Structure formats: structure tokens, C-alpha cells
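The structure file protein02.pdb is reproduced below (PDB, C-alpha atoms and all ligand atoms).
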```
ATOM      1  CA  MET A   1      88.206  85.090  96.716  1.00  0.00           C
ATOM      2  CA  ARG A   2      90.653  85.099  93.841  1.00  0.00           C
ATOM      3  CA  PHE A   3      93.948  86.888  93.370  1.00  0.00           C
ATOM      4  CA  VAL A   4      96.132  88.490  90.797  1.00  0.00           C
ATOM      5  CA  VAL A   5      99.716  88.718  91.980  1.00  0.00           C
ATOM      6  CA  ASP A   6     102.307  91.228  90.831  1.00  0.00           C
ATOM      7  CA  ALA A   7     105.590  90.243  89.181  1.00  0.00           C
ATOM      8  CA  MET A   8     107.597  90.563  92.426  1.00  0.00           C
ATOM      9  CA  LEU A   9     105.511  87.965  94.230  1.00  0.00           C
ATOM     10  CA  GLY A  10     105.872  84.766  92.223  1.00  0.00           C
ATOM     11  CA  THR A  11     106.727  82.607  95.213  1.00  0.00           C
ATOM     12  CA  LEU A  12     103.708  83.900  97.093  1.00  0.00           C
ATOM     13  CA  ALA A  13     101.533  82.982  94.099  1.00  0.00           C
ATOM     14  CA  GLN A  14     102.892  79.434  94.097  1.00  0.00           C
ATOM     15  CA  TRP A  15     102.190  78.917  97.772  1.00  0.00           C
ATOM     16  CA  LEU A  16      98.682  80.311  97.471  1.00  0.00           C
ATOM     17  CA  ARG A  17      98.115  77.778  94.703  1.00  0.00           C
ATOM     18  CA  ALA A  18      99.559  75.038  96.890  1.00  0.00           C
ATOM     19  CA  LEU A  19      96.876  75.944  99.430  1.00  0.00           C
ATOM     20  CA  GLY A  20      94.224  75.738  96.719  1.00  0.00           C
ATOM     21  CA  TYR A  21      93.626  79.443  96.165  1.00  0.00           C
ATOM     22  CA  ASP A  22      93.208  80.891  92.705  1.00  0.00           C
ATOM     23  CA  ALA A  23      96.298  83.075  92.201  1.00  0.00           C
ATOM     24  CA  LEU A  24      96.870  84.449  88.736  1.00  0.00           C
ATOM     25  CA  PHE A  25     100.536  85.243  88.135  1.00  0.00           C
ATOM     26  CA  ASP A  26     101.847  86.539  84.851  1.00  0.00           C
ATOM     27  CA  PRO A  27     105.060  88.574  85.036  1.00  0.00           C
ATOM     28  CA  SER A  28     104.401  89.975  81.566  1.00  0.00           C
ATOM     29  CA  LEU A  29     101.446  92.013  82.874  1.00  0.00           C
ATOM     30  CA  ASP A  30     102.326  95.660  83.476  1.00  0.00           C
ATOM     31  CA  ASP A  31     100.635  97.769  86.154  1.00  0.00           C
ATOM     32  CA  ASP A  32      97.711  98.784  83.982  1.00  0.00           C
ATOM     33  CA  ALA A  33      97.102  95.204  82.893  1.00  0.00           C
ATOM     34  CA  LEU A  34      97.231  94.012  86.507  1.00  0.00           C
ATOM     35  CA  VAL A  35      94.636  96.588  87.492  1.00  0.00           C
ATOM     36  CA  ARG A  36      92.424  95.795  84.496  1.00  0.00           C
ATOM     37  CA  THR A  37      92.570  92.079  85.233  1.00  0.00           C
ATOM     38  CA  ALA A  38      91.775  92.593  88.910  1.00  0.00           C
ATOM     39  CA  ARG A  39      88.752  94.728  88.072  1.00  0.00           C
ATOM     40  CA  ALA A  40      87.478  92.612  85.186  1.00  0.00           C
ATOM     41  CA  GLU A  41      87.768  89.295  87.028  1.00  0.00           C
ATOM     42  CA  GLY A  42      86.972  90.517  90.533  1.00  0.00           C
ATOM     43  CA  ARG A  43      90.404  89.540  91.816  1.00  0.00           C
ATOM     44  CA  VAL A  44      92.220  91.002  94.801  1.00  0.00           C
ATOM     45  CA  LEU A  45      95.535  92.458  93.676  1.00  0.00           C
ATOM     46  CA  LEU A  46      98.488  91.470  95.846  1.00  0.00           C
ATOM     47  CA  THR A  47     101.356  93.868  95.359  1.00  0.00           C
ATOM     48  CA  ARG A  48     104.488  95.389  96.832  1.00  0.00           C
ATOM     49  CA  ASP A  49     104.120  98.433  94.597  1.00  0.00           C
ATOM     50  CA  THR A  50     102.752 101.360  96.609  1.00  0.00           C
ATOM     51  CA  ALA A  51     101.832 103.228  93.424  1.00  0.00           C
ATOM     52  CA  LEU A  52      99.089 100.672  92.808  1.00  0.00           C
ATOM     53  CA  LEU A  53      97.440 101.462  96.134  1.00  0.00           C
ATOM     54  CA  ARG A  54      96.230 104.777  94.756  1.00  0.00           C
ATOM     55  CA  ARG A  55      94.173 103.230  91.956  1.00  0.00           C
ATOM     56  CA  ARG A  56      90.443 103.567  92.363  1.00  0.00           C
ATOM     57  CA  ASN A  57      87.867 100.783  92.305  1.00  0.00           C
ATOM     58  CA  LEU A  58      90.443  98.180  93.061  1.00  0.00           C
ATOM     59  CA  GLN A  59      90.572  95.512  95.724  1.00  0.00           C
ATOM     60  CA  VAL A  60      94.215  95.528  96.728  1.00  0.00           C
ATOM     61  CA  LEU A  61      96.365  94.254  99.561  1.00  0.00           C
ATOM     62  CA  TYR A  62      99.798  95.756 100.063  1.00  0.00           C
ATOM     63  CA  ILE A  63     102.233  92.989 100.975  1.00  0.00           C
ATOM     64  CA  THR A  64     104.605  94.275 103.624  1.00  0.00           C
ATOM     65  CA  SER A  65     107.258  91.582 103.933  1.00  0.00           C
ATOM     66  CA  GLN A  66     109.920  90.598 101.425  1.00  0.00           C
ATOM     67  CA  GLN A  67     109.969  87.065 102.801  1.00  0.00           C
ATOM     68  CA  TRP A  68     107.546  84.630 101.154  1.00  0.00           C
ATOM     69  CA  GLU A  69     106.431  82.774 104.263  1.00  0.00           C
ATOM     70  CA  GLU A  70     105.432  85.976 106.038  1.00  0.00           C
ATOM     71  CA  GLN A  71     103.744  87.127 102.819  1.00  0.00           C
ATOM     72  CA  VAL A  72     101.571  84.008 102.785  1.00  0.00           C
ATOM     73  CA  ARG A  73     100.765  84.479 106.459  1.00  0.00           C
ATOM     74  CA  GLN A  74      99.754  88.079 105.895  1.00  0.00           C
ATOM     75  CA  VAL A  75      97.270  87.010 103.208  1.00  0.00           C
ATOM     76  CA  LEU A  76      95.876  84.223 105.416  1.00  0.00           C
ATOM     77  CA  ARG A  77      95.600  86.613 108.359  1.00  0.00           C
ATOM     78  CA  GLU A  78      94.179  89.713 106.743  1.00  0.00           C
ATOM     79  CA  LEU A  79      91.727  88.425 104.149  1.00  0.00           C
ATOM     80  CA  PRO A  80      88.504  86.504 104.789  1.00  0.00           C
ATOM     81  CA  LEU A  81      89.558  83.378 102.955  1.00  0.00           C
ATOM     82  CA  PRO A  82      87.688  80.086 102.815  1.00  0.00           C
ATOM     83  CA  PRO A  83      89.517  77.086 104.285  1.00  0.00           C
ATOM     84  CA  PRO A  84      92.639  76.033 102.391  1.00  0.00           C
ATOM     85  CA  ALA A  85      92.249  73.075 100.031  1.00  0.00           C
ATOM     86  CA  PRO A  86      95.850  71.926  99.670  1.00  0.00           C
ATOM     87  CA  LEU A  87      97.017  70.178  96.549  1.00  0.00           C
ATOM     88  CA  THR A  88      93.973  70.868  94.421  1.00  0.00           C
ATOM     89  CA  ARG A  89      95.477  73.367  91.999  1.00  0.00           C
ATOM     90  CA  CYS A  90      98.323  73.239  89.495  1.00  0.00           C
ATOM     91  CA  LEU A  91     101.392  74.977  90.892  1.00  0.00           C
ATOM     92  CA  GLU A  92     102.567  75.969  87.438  1.00  0.00           C
ATOM     93  CA  CYS A  93      99.458  77.306  85.744  1.00  0.00           C
ATOM     94  CA  ASN A  94      96.822  77.806  88.479  1.00  0.00           C
ATOM     95  CA  THR A  95      94.289  75.385  86.950  1.00  0.00           C
ATOM     96  CA  PRO A  96      92.214  73.164  89.283  1.00  0.00           C
ATOM     97  CA  LEU A  97      93.523  69.595  89.216  1.00  0.00           C
ATOM     98  CA  GLU A  98      91.361  66.640  88.247  1.00  0.00           C
ATOM     99  CA  ASP A  99      91.501  63.198  89.742  1.00  0.00           C
ATOM    100  CA  MET A 100      92.596  60.601  87.269  1.00  0.00           C
ATOM    101  CA  LEU A 101      92.237  56.857  87.227  1.00  0.00           C
ATOM    102  CA  ARG A 102      95.414  55.118  88.195  1.00  0.00           C
ATOM    103  CA  SER A 103      95.446  53.328  84.871  1.00  0.00           C
ATOM    104  CA  GLU A 104      95.419  56.683  83.080  1.00  0.00           C
ATOM    105  CA  ALA A 105      98.679  57.639  84.754  1.00  0.00           C
ATOM    106  CA  TRP A 106     100.501  54.715  83.161  1.00  0.00           C
ATOM    107  CA  GLY A 107     102.983  56.089  80.663  1.00  0.00           C
ATOM    108  CA  LEU A 108     102.645  59.628  81.988  1.00  0.00           C
ATOM    109  CA  VAL A 109     104.785  59.083  85.081  1.00  0.00           C
ATOM    110  CA  PRO A 110     107.999  57.083  85.496  1.00  0.00           C
ATOM    111  CA  PRO A 111     107.329  53.354  86.101  1.00  0.00           C
ATOM    112  CA  TYR A 112     108.849  53.429  89.597  1.00  0.00           C
ATOM    113  CA  VAL A 113     106.433  56.203  90.509  1.00  0.00           C
ATOM    114  CA  PHE A 114     103.508  54.333  89.020  1.00  0.00           C
ATOM    115  CA  VAL A 115     104.131  51.179  91.038  1.00  0.00           C
ATOM    116  CA  ARG A 116     104.560  53.057  94.301  1.00  0.00           C
ATOM    117  CA  HIS A 117     101.559  55.371  94.194  1.00  0.00           C
ATOM    118  CA  ASP A 118      97.808  54.937  94.025  1.00  0.00           C
ATOM    119  CA  ARG A 119      96.541  58.450  93.551  1.00  0.00           C
ATOM    120  CA  PHE A 120      97.367  60.761  90.714  1.00  0.00           C
ATOM    121  CA  ARG A 121      95.969  64.099  89.678  1.00  0.00           C
ATOM    122  CA  LEU A 122      96.140  65.746  86.313  1.00  0.00           C
ATOM    123  CA  CYS A 123      96.260  69.390  85.326  1.00  0.00           C
ATOM    124  CA  PRO A 124      93.828  69.515  82.391  1.00  0.00           C
ATOM    125  CA  ASP A 125      95.556  72.598  81.055  1.00  0.00           C
ATOM    126  CA  CYS A 126      99.303  71.953  81.093  1.00  0.00           C
ATOM    127  CA  GLN A 127      98.944  68.143  81.436  1.00  0.00           C
ATOM    128  CA  ARG A 128     101.251  67.934  84.436  1.00  0.00           C
ATOM    129  CA  VAL A 129     100.641  64.882  86.610  1.00  0.00           C
ATOM    130  CA  TYR A 130     100.878  65.234  90.386  1.00  0.00           C
ATOM    131  CA  TRP A 131     101.272  62.550  93.002  1.00  0.00           C
ATOM    132  CA  GLN A 132     102.228  62.406  96.662  1.00  0.00           C
ATOM    133  CA  GLY A 133     105.973  62.352  96.513  1.00  0.00           C
ATOM    134  CA  THR A 134     106.945  64.953  93.970  1.00  0.00           C
ATOM    135  CA  HIS A 135     106.716  68.584  94.903  1.00  0.00           C
ATOM    136  CA  TRP A 136     104.045  67.608  97.340  1.00  0.00           C
ATOM    137  CA  ASP A 137     106.220  65.689  99.775  1.00  0.00           C
ATOM    138  CA  ARG A 138     108.726  68.491 100.022  1.00  0.00           C
ATOM    139  CA  MET A 139     105.955  71.018 100.492  1.00  0.00           C
ATOM    140  CA  GLN A 140     103.846  68.975 102.888  1.00  0.00           C
ATOM    141  CA  ARG A 141     105.314  70.234 106.132  1.00  0.00           C
ATOM    142  CA  THR A 142     105.062  73.883 105.156  1.00  0.00           C
ATOM    143  CA  ILE A 143     101.528  73.388 103.884  1.00  0.00           C
ATOM    144  CA  GLU A 144     100.524  71.848 107.207  1.00  0.00           C
ATOM    145  CA  ASP A 145     102.031  74.801 109.061  1.00  0.00           C
ATOM    146  CA  LEU A 146     100.162  77.268 106.887  1.00  0.00           C
ATOM    147  CA  VAL A 147      96.844  75.437 107.244  1.00  0.00           C
ATOM    148  CA  ALA A 148      97.337  75.456 111.023  1.00  0.00           C
ATOM    149  CA  TYR A 149      98.057  79.173 110.828  1.00  0.00           C
ATOM    150  CA  TRP A 150      94.854  79.788 108.863  1.00  0.00           C
ATOM    151  CA  GLU A 151      92.928  77.901 111.556  1.00  0.00           C
ATOM    152  CA  ALA A 152      94.635  79.793 114.373  1.00  0.00           C
ATOM    153  CA  CYS A 153      93.733  83.125 112.768  1.00  0.00           C
ATOM    154  CA  ARG A 154      90.055  82.172 112.812  1.00  0.00           C
ATOM    155  CA  ARG A 155      89.802  80.473 116.153  1.00  0.00           C
ATOM    156  CA  GLN A 156      87.546  82.395 118.470  1.00  0.00           C
ATOM    157  CA  PRO A 157      89.029  83.102 121.866  1.00  0.00           C
ATOM    158  CA  ALA A 158      87.766  80.506 124.351  1.00  0.00           C
ATOM    159  CA  PRO A 159      84.810  81.765 126.386  1.00  0.00           C
ATOM    160  CA  GLU A 160      85.792  82.868 129.850  1.00  0.00           C
ATOM    161  CA  ARG A 161      84.941  80.501 132.643  1.00  0.00           C
ATOM    162  CA  ARG A 162      83.747  81.700 135.961  1.00  0.00           C
TER
HETATM  163 ZN    ZN B 201      98.914  73.182  84.920  1.00  0.00          ZN
END
```
Could you take the file, read its structure, and then write that structure out as C-alpha cells?
Amino acid sequence: MRFVVDAMLGTLAQWLRALGYDALFDPSLDDDALVRTARAEGRVLLTRDTALLRRRNLQVLYITSQQWEEQVRQVLRELPLPPPAPLTRCLECNTPLEDMLRSEAWGLVPPYVFVRHDRFRLCPDCQRVYWQGTHWDRMQRTIEDLVAYWEACRRQPAPERR
């Protein structure tokens, strides 16, 4: 399941990416372009614009909250998503990250980062390098909460014991 996210929901798009979901976000797209993209690429449109709900042949979820954390939870709760795969997608451009050899990170990250970390990932599109300790450390706690929420939404109620 992939998404296209309207211009009001940039933070939601970033957090969906942080959880590994494909969330296209381009604030330059107008309503018609959003709808076209959703249809052409089979994406679910996430929007706070009620006018878009009336479009035909469109998979769309109306986002009720103005607060990003509740927005993410609504998506996790209401759509049949596969398990989150945190930290596998570029936060900036939505491209899947690739593992890189540690030696390849030399020169691309500050030396103090290089000596302290073993694992690096590269965005093949925008060339950003990620490692535990940048954005990821600050986001870790929230990501864990959201993954736990995804699991809780899917947990079957325990069978009754007699
Ligand atoms: Zn990127």
C-alpha cells in the first residue's frame, strides 16, 4: 500500500516514511494532480480536503486530526498496512535506502561519526547518508511507540477461557 499525501500533511508523510511506508509528498501538486497521481500509481490519497472525497475512482482516506501523531495513528489503525519497516526509507525524498559498506561512508560523514558507527545507509537518489544517531536517535522513541500501536491494532482479542 502506497500513499500520496496532500500539501497540508507534510509531517504525516515524513513519519510514514520513517516507518518504511511509501509516502509521496509534493506540495507543488494541485488537487487534480494529486488525484491523477493516486489513480495512475495506485496510491491511497491522504487528505484533509473534504472536496477530494467526492472524486470518483479514488482510494482516499480523510485525515480527521490536525495533530501529526494522531494522524499517523489513524492511518495505522484504519488501513490494512503491512508491518512497519522503520528506517528503510529516505525521510527527505521517499526513496528506499541501501546498505553501504562502512568504508564507503568515509568522507561522506563527519570523521567523529565515522569512528563511532558501524552501519550506514545511503539514499541512492538524494545521496543522503543515514546512521543511528542522526535523525534516527531523536525519532527512535516515537517510532517504537508507533510500531507498538500498529501491533496493538492488529492483535486479536485473547480467546476466552472457561
Ligand atoms: Zn533521499
Of the candidates A:Glu70, A:Ala33, A:Leu58, A:Arg17, which shows the shortest atom-to-atom distance to ligand ZN 201 (chain B), using only C-alpha atoms and all ligand atoms?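 Among the listed residues, A:Arg17 lies closest to ligand ZN 201 (chain B).
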Rounded to one decimal in Å, what is the spacing between CA of Arg54 in chain A and CA of Leu34 in chain A? 13.6 Å
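Using all atoms listed in the file, we find that the residues with an atom at most 12 Å from any atom of ligand ZN 201 (chain B) are Gln14, Arg17, Thr88, Arg89, Cys90, Leu91, Glu92, Cys93, Asn94, Thr95, Pro96, Leu97, Glu98, Arg121, Leu122, Cys123, Pro124, Asp125, Cys126, Gln127, Arg128, Val129 and Tyr130 of chain A.
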Write the selection just made, keeping C-alpha atoms, as a PDB file, in the frame of the given file?
```pdb
ATOM      1  CA  GLN A  14     102.892  79.434  94.097  1.00  0.00           C
ATOM      2  CA  ARG A  17      98.115  77.778  94.703  1.00  0.00           C
ATOM      3  CA  THR A  88      93.973  70.868  94.421  1.00  0.00           C
ATOM      4  CA  ARG A  89      95.477  73.367  91.999  1.00  0.00           C
ATOM      5  CA  CYS A  90      98.323  73.239  89.495  1.00  0.00           C
ATOM      6  CA  LEU A  91     101.392  74.977  90.892  1.00  0.00           C
ATOM      7  CA  GLU A  92     102.567  75.969  87.438  1.00  0.00           C
ATOM      8  CA  CYS A  93      99.458  77.306  85.744  1.00  0.00           C
ATOM      9  CA  ASN A  94      96.822  77.806  88.479  1.00  0.00           C
ATOM     10  CA  THR A  95      94.289  75.385  86.950  1.00  0.00           C
ATOM     11  CA  PRO A  96      92.214  73.164  89.283  1.00  0.00           C
ATOM     12  CA  LEU A  97      93.523  69.595  89.216  1.00  0.00           C
ATOM     13  CA  GLU A  98      91.361  66.640  88.247  1.00  0.00           C
ATOM     14  CA  ARG A 121      95.969  64.099  89.678  1.00  0.00           C
ATOM     15  CA  LEU A 122      96.140  65.746  86.313  1.00  0.00           C
ATOM     16  CA  CYS A 123      96.260  69.390  85.326  1.00  0.00           C
ATOM     17  CA  PRO A 124      93.828  69.515  82.391  1.00  0.00           C
ATOM     18  CA  ASP A 125      95.556  72.598  81.055  1.00  0.00           C
ATOM     19  CA  CYS A 126      99.303  71.953  81.093  1.00  0.00           C
ATOM     20  CA  GLN A 127      98.944  68.143  81.436  1.00  0.00           C
ATOM     21  CA  ARG A 128     101.251  67.934  84.436  1.00  0.00           C
ATOM     22  CA  VAL A 129     100.641  64.882  86.610  1.00  0.00           C
ATOM     23  CA  TYR A 130     100.878  65.234  90.386  1.00  0.00           C
TER      24      TYR A 130
END
```
Nearby residues (all atoms listed in the file) at most 12 Å from Arg39 in chain A, same-chain spacing under 3 positions excluded, as a list of chain:residue names: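 Surrounding residues, per the criterion: A:Arg2, A:Phe3, A:Val4, A:Asp32, A:Ala33, A:Leu34, A:Val35, A:Arg36, A:Gly42, A:Arg43, A:Val44, A:Leu45, A:Arg55, A:Arg56, A:Asn57, A:Leu58, A:Gln59, A:Val60.
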Taking every listed atom of range 77-94 of chain A and adding 8 Å to each side, what centre and edge lengths in Å (one decimal) does the axis-aligned box have, as AutoDock Vina command-line options?
```
--center_x 95.1 --center_y 79.9 --center_z 97.1 --size_x 30.9 --size_y 35.5 --size_z 38.6
```
Take CA of Ala148 in chain A and CA of Gln66 in chain A and report the distance between them in Å, one decimal.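 These two atoms are separated by 21.9 Å.
We find CA of Arg77 in chain A and CA of Trp150 in chain A to be spaced 6.9 Å apart.
Take the candidates A:Arg119, A:Arg48, A:Arg154, A:Arg73 and check each one against Leu19 in chain A using all atoms listed in the file; the shortest distance goes to A:Arg73.
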Identify which of the residues A:Pro110, A:Val5, A:Cys153, A:Phe25 lies closest to Thr47 in chain A, counting only C-alpha atoms when measuring atom-to-atom distances.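 Nearest to Thr47 in chain A: A:Val5.
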Just so the selection is clear, what residues does the PyMOL selection byres (((chain A and resi 68) around 9) and not hetatm) cover here, as a PyMOL selection string? chain A and resi 9+11-12+15+65-67+69-73
Evaluate the PyMOL selection byres (((chain A and resi 105) around 9) and not hetatm) on the structure here and hand back the selected residues as a ChimeraX atom specification. /A:100-104,106-109,114,120-122,129
Mind writing the picked residues with C-alpha atoms as a compact mmCIF listing (two decimals), in the frame of the given file?
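File produced: selection-v4.txt:
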```txt
# COMPACT_ATOMS: atom_id res chain seq x y z
CA MET A 100 92.60 60.60 87.27
CA LEU A 101 92.24 56.86 87.23
CA ARG A 102 95.41 55.12 88.20
CA SER A 103 95.45 53.33 84.87
CA GLU A 104 95.42 56.68 83.08
CA TRP A 106 100.50 54.72 83.16
CA GLY A 107 102.98 56.09 80.66
CA LEU A 108 102.64 59.63 81.99
CA VAL A 109 104.78 59.08 85.08
CA PHE A 114 103.51 54.33 89.02
CA PHE A 120 97.37 60.76 90.71
CA ARG A 121 95.97 64.10 89.68
CA LEU A 122 96.14 65.75 86.31
CA VAL A 129 100.64 64.88 86.61
```
